[in-house]
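Beneath this line is the structure, given in structure tokens, with notes to follow.
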Number of protein chains: 2
Amino acid sequence: MENARELFQIMTRRLGLLNKDCCSVSGINLSLAQSHLLHEVVRRDNPSMQQVAETLGTDVTTFSRQVQSLIKMDLVKKTPDPGDRRVFTLSLTEEGKRIAATIDQQMNSYLEEVFSYMTEFEKETVLRSVQLFNEAMGKSSRCCAPVTG
Amino acid sequence: MENARELFQIMTRRLGLLNKDCCSVSGINLSLAQSHLLHEVVRRDNPSMQQVAETLGTDVTTFSRQVQSLIKMDLVKKTPDPGDRRVFTLSLTEEGKRIAATIDQQMNSYLEEVFSYMTEFEKETVLRSVQLFNEAMGKSSRCCAPVTG
DNA sequence: CCTTTATAGTTGCACTTTGCAAATATAATC
DNA sequence: GATTATATTTGCAAAGTGCAACTATAAAGG
């Protein structure tokens, strides 16, 4: 078998995941962490800070500041939860939604371009593979944590 | 078709690529960038700083400092190129080789565990898909750069 | 109730990482 | 021999990080 690690190492690099600024939209530069934050807030329905921080595996204090900076950029809103006044609920501003959607489009268009070098069948295979792989990672006990030994 | 971006977003997150310290070996903690640096030096034969920096898409000045810190940790060696005295050639110390090999093992073992939730056929499909995808990214003009628009 | 304990979130601080601009040192060119 | 190009290193200043400590609210126990 091919060296699996080698394949994933190259993929990681080529996906540009090491780039500090992953996404730029109309003058706004976002880090990879910020784009994940936006993405996750869109996906969920008015999640609390804790929830999103935990999903992203970010320290809550760091997360708190990430949110602050996105609020300053007017992309994210923080709303006090009426049921529990300790909790703040996150949502995107109109601008935030626009930016998040644009990044989504850009990513998809980048992926589409990459897929254009494959046959339709290969593309479907790749997508199904990623899905399979994600599901398997979800089952793994070591999922989502740094590698340690 | 599934939302391709969504799939890759989750994969990125689950792969733990957002973690600051990706790899820990016997008390030594390495960042994702550092592990890529080691990996790339192993792969190539006594590459120059520039070469590796460019491959990794890192600013050379940042890269220079990353190397310095790995030298301090006694994982990397810098040797002046006899042919061109401006150039320094990178290699790993014995300890560096050991660490790099261990990280490689750990990653592979993590991947193996993930693959254990699939059939052998699925696993082979996934690996072939990643390979296909890497090749396609290599052909793309937008490969390896941050997403911009 | 009212005290204790738990939870959600924010700040202070010290440390690290980053990139740009500028500097140094060597090579190549004219 | 002077100019120009290349490889690498430093000086910043800005941004990101986690831990410990803090505030504010909620839940639990007597």
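The way I read the labels, and the way they are meant: chains A, B, ... in the order of the structure tokens, residue 1 as the first residue of every chain, and ligand 1 as the first ligand shown, with later ones counted on from there.
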
Could you list, as a ChimeraX atom specification, the residues of chain C having an atom within 8 Å of chain A when counting only C-alpha atoms (C1' of nucleotides)? /C:8-10

Export C-alpha atoms (C1' of nucleotides) of the chosen residues as an mmCIF file, in the first residue's frame?
data_model
loop_
_atom_site.group_PDB
_atom_site.id
_atom_site.type_symbol
_atom_site.label_atom_id
_atom_site.label_comp_id
_atom_site.auth_asym_id
_atom_site.auth_seq_id
_atom_site.Cartn_x
_atom_site.Cartn_y
_atom_site.Cartn_z
ATOM 1 C "C1'" DA C 8 -20.642 30.626 30.543
ATOM 2 C "C1'" DG C 9 -18.031 33.944 29.282
ATOM 3 C "C1'" DT C 10 -14.257 37.699 29.603
#

Let me make sure I understand: among B:Thr89, B:Asn46, B:Thr125, B:Thr58, which one has the smallest atom-to-atom distance to DG19 (chain C) if we use only C-alpha atoms (C1' of nucleotides)?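 The answer is B:Thr58, which sits nearest to DG19 (chain C).
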
Each residue of chain D with at least one atom at most 8 Å from chain A should appear once, together with its nearest atom pair and the corresponding distance in Å (one decimal); atoms considered: only C-alpha atoms (C1' of nucleotides); ordering: chain, then increasing residue number; output as a tab-separated table.
residue	atom	partner	partner_atom	distance
D:DT17	C1'	A:Thr62	CA	6.7
D:DG18	C1'	A:Asp59	CA	7.2
D:DA24	C1'	A:Arg86	CA	7.0
D:DT25	C1'	A:Arg86	CA	5.3
D:DA26	C1'	A:Asp84	CA	7.6

Could you take the residues named above and write them with N, CA, C and O atoms (P, O5', C5', C4', C3', O3' and C1' of nucleotides), as an mmCIF file, in the first residue's frame?
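Wrote it out as again-v2.cif, contents follow:
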data_model
loop_
_atom_site.group_PDB
_atom_site.id
_atom_site.type_symbol
_atom_site.label_atom_id
_atom_site.label_comp_id
_atom_site.auth_asym_id
_atom_site.auth_seq_id
_atom_site.Cartn_x
_atom_site.Cartn_y
_atom_site.Cartn_z
ATOM 1 P P DT D 17 -5.582 31.603 17.254
ATOM 2 O "O5'" DT D 17 -4.840 31.233 18.609
ATOM 3 C "C5'" DT D 17 -3.671 30.405 18.538
ATOM 4 C "C4'" DT D 17 -3.092 30.243 19.918
ATOM 5 C "C3'" DT D 17 -4.116 29.872 20.966
ATOM 6 O "O3'" DT D 17 -4.189 28.458 21.044
ATOM 7 C "C1'" DT D 17 -2.506 31.470 21.766
ATOM 8 P P DG D 18 -5.172 27.818 22.132
ATOM 9 O "O5'" DG D 18 -4.417 27.969 23.527
ATOM 10 C "C5'" DG D 18 -3.155 27.344 23.685
ATOM 11 C "C4'" DG D 18 -2.751 27.421 25.145
ATOM 12 C "C3'" DG D 18 -3.800 26.887 26.114
ATOM 13 O "O3'" DG D 18 -3.126 26.243 27.180
ATOM 14 C "C1'" DG D 18 -3.399 29.187 26.536
ATOM 15 P P DA D 24 -19.922 41.569 37.857
ATOM 16 O "O5'" DA D 24 -20.874 40.477 37.210
ATOM 17 C "C5'" DA D 24 -20.947 40.366 35.792
ATOM 18 C "C4'" DA D 24 -21.816 39.177 35.462
ATOM 19 C "C3'" DA D 24 -23.097 39.109 36.292
ATOM 20 O "O3'" DA D 24 -24.180 38.860 35.421
ATOM 21 C "C1'" DA D 24 -21.947 37.071 36.399
ATOM 22 P P DT D 25 -25.678 39.115 35.989
ATOM 23 O "O5'" DT D 25 -26.270 37.625 36.021
ATOM 24 C "C5'" DT D 25 -26.316 36.926 34.789
ATOM 25 C "C4'" DT D 25 -26.281 35.464 35.082
ATOM 26 C "C3'" DT D 25 -27.528 34.920 35.770
ATOM 27 O "O3'" DT D 25 -28.246 34.178 34.805
ATOM 28 C "C1'" DT D 25 -25.528 33.909 36.532
ATOM 29 P P DA D 26 -29.700 33.605 35.244
ATOM 30 O "O5'" DA D 26 -29.348 32.119 35.703
ATOM 31 C "C5'" DA D 26 -28.805 31.232 34.736
ATOM 32 C "C4'" DA D 26 -28.414 29.939 35.411
ATOM 33 C "C3'" DA D 26 -29.563 29.203 36.105
ATOM 34 O "O3'" DA D 26 -29.611 27.907 35.561
ATOM 35 C "C1'" DA D 26 -27.671 29.369 37.517
#

Please run DSSP on the backbone and report, as a PyMOL selection string, all residues within region 3-129 of chain B that come out as strand (DSSP E or B). chain B and resi 21-25+28-31+48+76-80+88-92

Export of the given selection (N, CA and C atoms) as a PDB file, in the first residue's frame:
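Output file again_13.pdb is given in full below:
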ATOM      1  N   ASP B  21      -0.705  22.336  18.218  1.00  0.00           N
ATOM      2  CA  ASP B  21       0.306  21.293  18.337  1.00  0.00           C
ATOM      3  C   ASP B  21      -0.233  20.033  17.699  1.00  0.00           C
ATOM      4  N   CYS B  22       0.304  19.698  16.547  1.00  0.00           N
ATOM      5  CA  CYS B  22      -0.255  18.539  15.846  1.00  0.00           C
ATOM      6  C   CYS B  22       0.320  17.248  16.376  1.00  0.00           C
ATOM      7  N   CYS B  23       1.600  17.322  16.871  1.00  0.00           N
ATOM      8  CA  CYS B  23       2.280  16.063  17.134  1.00  0.00           C
ATOM      9  C   CYS B  23       3.166  16.180  18.366  1.00  0.00           C
ATOM     10  N   SER B  24       3.032  15.220  19.231  1.00  0.00           N
ATOM     11  CA  SER B  24       3.884  15.181  20.418  1.00  0.00           C
ATOM     12  C   SER B  24       4.604  13.846  20.469  1.00  0.00           C
ATOM     13  N   VAL B  25       5.904  13.899  20.604  1.00  0.00           N
ATOM     14  CA  VAL B  25       6.694  12.688  20.715  1.00  0.00           C
ATOM     15  C   VAL B  25       7.642  12.815  21.892  1.00  0.00           C
ATOM     16  N   ILE B  28       8.397  16.135  23.256  1.00  0.00           N
ATOM     17  CA  ILE B  28       8.629  17.195  22.278  1.00  0.00           C
ATOM     18  C   ILE B  28       7.327  17.510  21.548  1.00  0.00           C
ATOM     19  N   ASN B  29       6.922  18.777  21.598  1.00  0.00           N
ATOM     20  CA  ASN B  29       5.696  19.174  20.909  1.00  0.00           C
ATOM     21  C   ASN B  29       6.010  19.917  19.625  1.00  0.00           C
ATOM     22  N   LEU B  30       5.426  19.475  18.549  1.00  0.00           N
ATOM     23  CA  LEU B  30       5.674  20.142  17.273  1.00  0.00           C
ATOM     24  C   LEU B  30       4.377  20.709  16.717  1.00  0.00           C
ATOM     25  N   SER B  31       4.495  21.860  16.063  1.00  0.00           N
ATOM     26  CA  SER B  31       3.343  22.426  15.381  1.00  0.00           C
ATOM     27  C   SER B  31       3.169  21.721  14.047  1.00  0.00           C
ATOM     28  N   SER B  48      17.881  23.120  -0.012  1.00  0.00           N
ATOM     29  CA  SER B  48      18.239  24.430   0.534  1.00  0.00           C
ATOM     30  C   SER B  48      17.039  24.992   1.290  1.00  0.00           C
ATOM     31  N   VAL B  76      17.235  19.584  13.582  1.00  0.00           N
ATOM     32  CA  VAL B  76      17.622  19.942  12.215  1.00  0.00           C
ATOM     33  C   VAL B  76      19.055  20.464  12.208  1.00  0.00           C
ATOM     34  N   LYS B  77      19.743  20.198  11.116  1.00  0.00           N
ATOM     35  CA  LYS B  77      21.100  20.720  10.919  1.00  0.00           C
ATOM     36  C   LYS B  77      21.132  21.614   9.690  1.00  0.00           C
ATOM     37  N   LYS B  78      21.949  22.649   9.752  1.00  0.00           N
ATOM     38  CA  LYS B  78      22.128  23.541   8.610  1.00  0.00           C
ATOM     39  C   LYS B  78      23.580  23.431   8.188  1.00  0.00           C
ATOM     40  N   THR B  79      23.832  23.056   6.950  1.00  0.00           N
ATOM     41  CA  THR B  79      25.209  22.910   6.476  1.00  0.00           C
ATOM     42  C   THR B  79      25.447  23.870   5.332  1.00  0.00           C
ATOM     43  N   PRO B  80      26.543  24.637   5.384  1.00  0.00           N
ATOM     44  CA  PRO B  80      26.831  25.554   4.271  1.00  0.00           C
ATOM     45  C   PRO B  80      27.105  24.758   3.004  1.00  0.00           C
ATOM     46  N   PHE B  88      22.406  27.467   2.393  1.00  0.00           N
ATOM     47  CA  PHE B  88      22.515  26.475   3.451  1.00  0.00           C
ATOM     48  C   PHE B  88      21.634  25.290   3.110  1.00  0.00           C
ATOM     49  N   THR B  89      22.176  24.147   3.406  1.00  0.00           N
ATOM     50  CA  THR B  89      21.526  22.885   3.104  1.00  0.00           C
ATOM     51  C   THR B  89      20.940  22.327   4.396  1.00  0.00           C
ATOM     52  N   LEU B  90      19.741  21.806   4.325  1.00  0.00           N
ATOM     53  CA  LEU B  90      19.084  21.302   5.529  1.00  0.00           C
ATOM     54  C   LEU B  90      19.130  19.783   5.605  1.00  0.00           C
ATOM     55  N   SER B  91      19.285  19.299   6.800  1.00  0.00           N
ATOM     56  CA  SER B  91      19.175  17.855   7.027  1.00  0.00           C
ATOM     57  C   SER B  91      18.711  17.636   8.459  1.00  0.00           C
ATOM     58  N   LEU B  92      18.345  16.407   8.760  1.00  0.00           N
ATOM     59  CA  LEU B  92      17.883  16.106  10.114  1.00  0.00           C
ATOM     60  C   LEU B  92      19.010  15.484  10.936  1.00  0.00           C
TER      61      LEU B  92
END

From the set A:Gln105, A:Ser116, A:Ser141, A:Ser129, which residue has the shortest atom-to-atom contact distance to chain B, counting only C-alpha atoms?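 The shortest atom-to-atom distance to chain B comes from A:Ser129.
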
Based on the backbone DSSP call, show me all residues of chain B assigned helix (DSSP H, G or I), as a PDB file with C-alpha atoms, in the first residue's frame.
ATOM      1  CA  ALA B   4     -18.100  19.447  -1.696  1.00  0.00           C
ATOM      2  CA  ARG B   5     -16.929  22.277   0.486  1.00  0.00           C
ATOM      3  CA  GLU B   6     -18.843  20.952   3.445  1.00  0.00           C
ATOM      4  CA  LEU B   7     -17.151  17.586   3.108  1.00  0.00           C
ATOM      5  CA  PHE B   8     -13.688  19.064   2.942  1.00  0.00           C
ATOM      6  CA  GLN B   9     -14.412  21.464   5.780  1.00  0.00           C
ATOM      7  CA  ILE B  10     -15.339  18.608   8.071  1.00  0.00           C
ATOM      8  CA  MET B  11     -12.394  16.549   6.941  1.00  0.00           C
ATOM      9  CA  THR B  12     -10.032  19.392   7.695  1.00  0.00           C
ATOM     10  CA  ARG B  13     -11.465  19.819  11.131  1.00  0.00           C
ATOM     11  CA  ARG B  14     -11.573  16.140  11.967  1.00  0.00           C
ATOM     12  CA  LEU B  32       1.776  21.388  12.112  1.00  0.00           C
ATOM     13  CA  ALA B  33       4.229  23.658  10.309  1.00  0.00           C
ATOM     14  CA  GLN B  34       7.197  22.110  12.064  1.00  0.00           C
ATOM     15  CA  SER B  35       6.071  18.594  11.264  1.00  0.00           C
ATOM     16  CA  HIS B  36       5.695  19.545   7.614  1.00  0.00           C
ATOM     17  CA  LEU B  37       9.145  21.066   7.668  1.00  0.00           C
ATOM     18  CA  LEU B  38      10.726  17.881   9.018  1.00  0.00           C
ATOM     19  CA  HIS B  39       8.742  15.774   6.605  1.00  0.00           C
ATOM     20  CA  GLU B  40       9.839  17.812   3.628  1.00  0.00           C
ATOM     21  CA  VAL B  41      13.503  17.739   4.613  1.00  0.00           C
ATOM     22  CA  VAL B  42      13.331  13.959   4.883  1.00  0.00           C
ATOM     23  CA  ARG B  43      11.665  13.638   1.501  1.00  0.00           C
ATOM     24  CA  MET B  49      16.194  26.670   2.822  1.00  0.00           C
ATOM     25  CA  GLN B  50      14.557  28.432  -0.119  1.00  0.00           C
ATOM     26  CA  GLN B  51      13.471  25.201  -1.709  1.00  0.00           C
ATOM     27  CA  VAL B  52      11.728  23.919   1.369  1.00  0.00           C
ATOM     28  CA  ALA B  53      10.221  27.282   2.234  1.00  0.00           C
ATOM     29  CA  GLU B  54       8.758  27.585  -1.236  1.00  0.00           C
ATOM     30  CA  THR B  55       7.376  24.067  -1.194  1.00  0.00           C
ATOM     31  CA  LEU B  56       5.683  24.741   2.103  1.00  0.00           C
ATOM     32  CA  VAL B  60      11.346  32.748   3.878  1.00  0.00           C
ATOM     33  CA  THR B  61      11.889  34.923   6.907  1.00  0.00           C
ATOM     34  CA  THR B  62       9.351  32.965   8.875  1.00  0.00           C
ATOM     35  CA  PHE B  63      10.881  29.786   7.598  1.00  0.00           C
ATOM     36  CA  SER B  64      14.335  30.899   8.664  1.00  0.00           C
ATOM     37  CA  ARG B  65      13.061  31.264  12.194  1.00  0.00           C
ATOM     38  CA  GLN B  66      11.238  27.966  12.132  1.00  0.00           C
ATOM     39  CA  VAL B  67      14.509  26.323  11.173  1.00  0.00           C
ATOM     40  CA  GLN B  68      16.322  28.154  13.952  1.00  0.00           C
ATOM     41  CA  SER B  69      13.912  26.847  16.514  1.00  0.00           C
ATOM     42  CA  LEU B  70      14.212  23.280  15.207  1.00  0.00           C
ATOM     43  CA  ILE B  71      17.992  23.628  15.330  1.00  0.00           C
ATOM     44  CA  LYS B  72      17.713  24.713  18.957  1.00  0.00           C
ATOM     45  CA  GLU B  94      19.674  11.524  14.318  1.00  0.00           C
ATOM     46  CA  GLU B  95      17.157  12.696  16.877  1.00  0.00           C
ATOM     47  CA  GLY B  96      15.301  14.592  14.157  1.00  0.00           C
ATOM     48  CA  LYS B  97      15.124  11.468  12.023  1.00  0.00           C
ATOM     49  CA  ARG B  98      13.838   9.505  14.969  1.00  0.00           C
ATOM     50  CA  ILE B  99      11.159  12.098  15.742  1.00  0.00           C
ATOM     51  CA  ALA B 100      10.115  12.428  12.111  1.00  0.00           C
ATOM     52  CA  ALA B 101       9.846   8.663  11.763  1.00  0.00           C
ATOM     53  CA  THR B 102       7.834   8.417  14.958  1.00  0.00           C
ATOM     54  CA  ILE B 103       5.387  11.096  13.839  1.00  0.00           C
ATOM     55  CA  ASP B 104       5.077   9.268  10.554  1.00  0.00           C
ATOM     56  CA  GLN B 105       4.247   6.075  12.407  1.00  0.00           C
ATOM     57  CA  GLN B 106       1.760   7.821  14.664  1.00  0.00           C
ATOM     58  CA  MET B 107      -0.024   9.420  11.758  1.00  0.00           C
ATOM     59  CA  ASN B 108      -0.132   6.157   9.877  1.00  0.00           C
ATOM     60  CA  SER B 109      -1.384   4.358  12.931  1.00  0.00           C
ATOM     61  CA  TYR B 110      -4.091   6.970  13.393  1.00  0.00           C
ATOM     62  CA  LEU B 111      -5.072   6.595   9.763  1.00  0.00           C
ATOM     63  CA  GLU B 112      -5.050   2.818  10.115  1.00  0.00           C
ATOM     64  CA  GLU B 113      -7.410   3.086  13.036  1.00  0.00           C
ATOM     65  CA  VAL B 114      -9.738   5.261  11.004  1.00  0.00           C
ATOM     66  CA  PHE B 115      -9.519   2.794   8.138  1.00  0.00           C
ATOM     67  CA  GLU B 120     -10.518  -3.089   2.748  1.00  0.00           C
ATOM     68  CA  PHE B 121     -12.119  -2.078  -0.527  1.00  0.00           C
ATOM     69  CA  GLU B 122     -13.325   1.241   0.861  1.00  0.00           C
ATOM     70  CA  LYS B 123      -9.915   1.940   2.295  1.00  0.00           C
ATOM     71  CA  GLU B 124      -8.228   1.330  -1.037  1.00  0.00           C
ATOM     72  CA  THR B 125     -10.803   3.531  -2.713  1.00  0.00           C
ATOM     73  CA  VAL B 126     -10.173   6.345  -0.274  1.00  0.00           C
ATOM     74  CA  LEU B 127      -6.413   6.162  -0.712  1.00  0.00           C
ATOM     75  CA  ARG B 128      -6.708   6.093  -4.480  1.00  0.00           C
ATOM     76  CA  SER B 129      -9.085   9.038  -4.282  1.00  0.00           C
ATOM     77  CA  VAL B 130      -6.698  11.119  -2.236  1.00  0.00           C
ATOM     78  CA  GLN B 131      -3.967  10.329  -4.722  1.00  0.00           C
ATOM     79  CA  LEU B 132      -6.198  11.323  -7.622  1.00  0.00           C
ATOM     80  CA  PHE B 133      -7.187  14.472  -5.837  1.00  0.00           C
ATOM     81  CA  ASN B 134      -3.587  15.415  -5.121  1.00  0.00           C
ATOM     82  CA  GLU B 135      -2.659  14.945  -8.756  1.00  0.00           C
ATOM     83  CA  ALA B 136      -5.576  17.087  -9.852  1.00  0.00           C
ATOM     84  CA  MET B 137      -4.625  19.805  -7.385  1.00  0.00           C
ATOM     85  CA  GLY B 138      -1.121  19.682  -8.776  1.00  0.00           C
ATOM     86  CA  LYS B 139      -2.498  20.463 -12.232  1.00  0.00           C
TER      87      LYS B 139
END

Have a look at A:Thr93, A:Asp74, A:Asp81, A:Gly27 and name the one nearest to chain B; count only C-alpha atoms.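 Under the stated criterion, the closest residue is A:Gly27.
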
Rounded to one decimal, what separation in Å do you get between C1' of DT26 (chain C) and C1' of DC12 (chain D)? 25.6 Å

DA20 (chain D): which residues within 12 Å, counting only C-alpha atoms (C1' of nucleotides), same-chain residues fewer than 5 positions away excluded, as a list in words? Thr61 of chain A; DT11, DG12, DC13 and DA14 of chain C

Point-to-point distance in Å for C1' of DA6 (chain C) and C1' of DC22 (chain D):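 Going from C1' of DC22 (chain D) over to C1' of DA6 (chain C) covers 15.5 Å.
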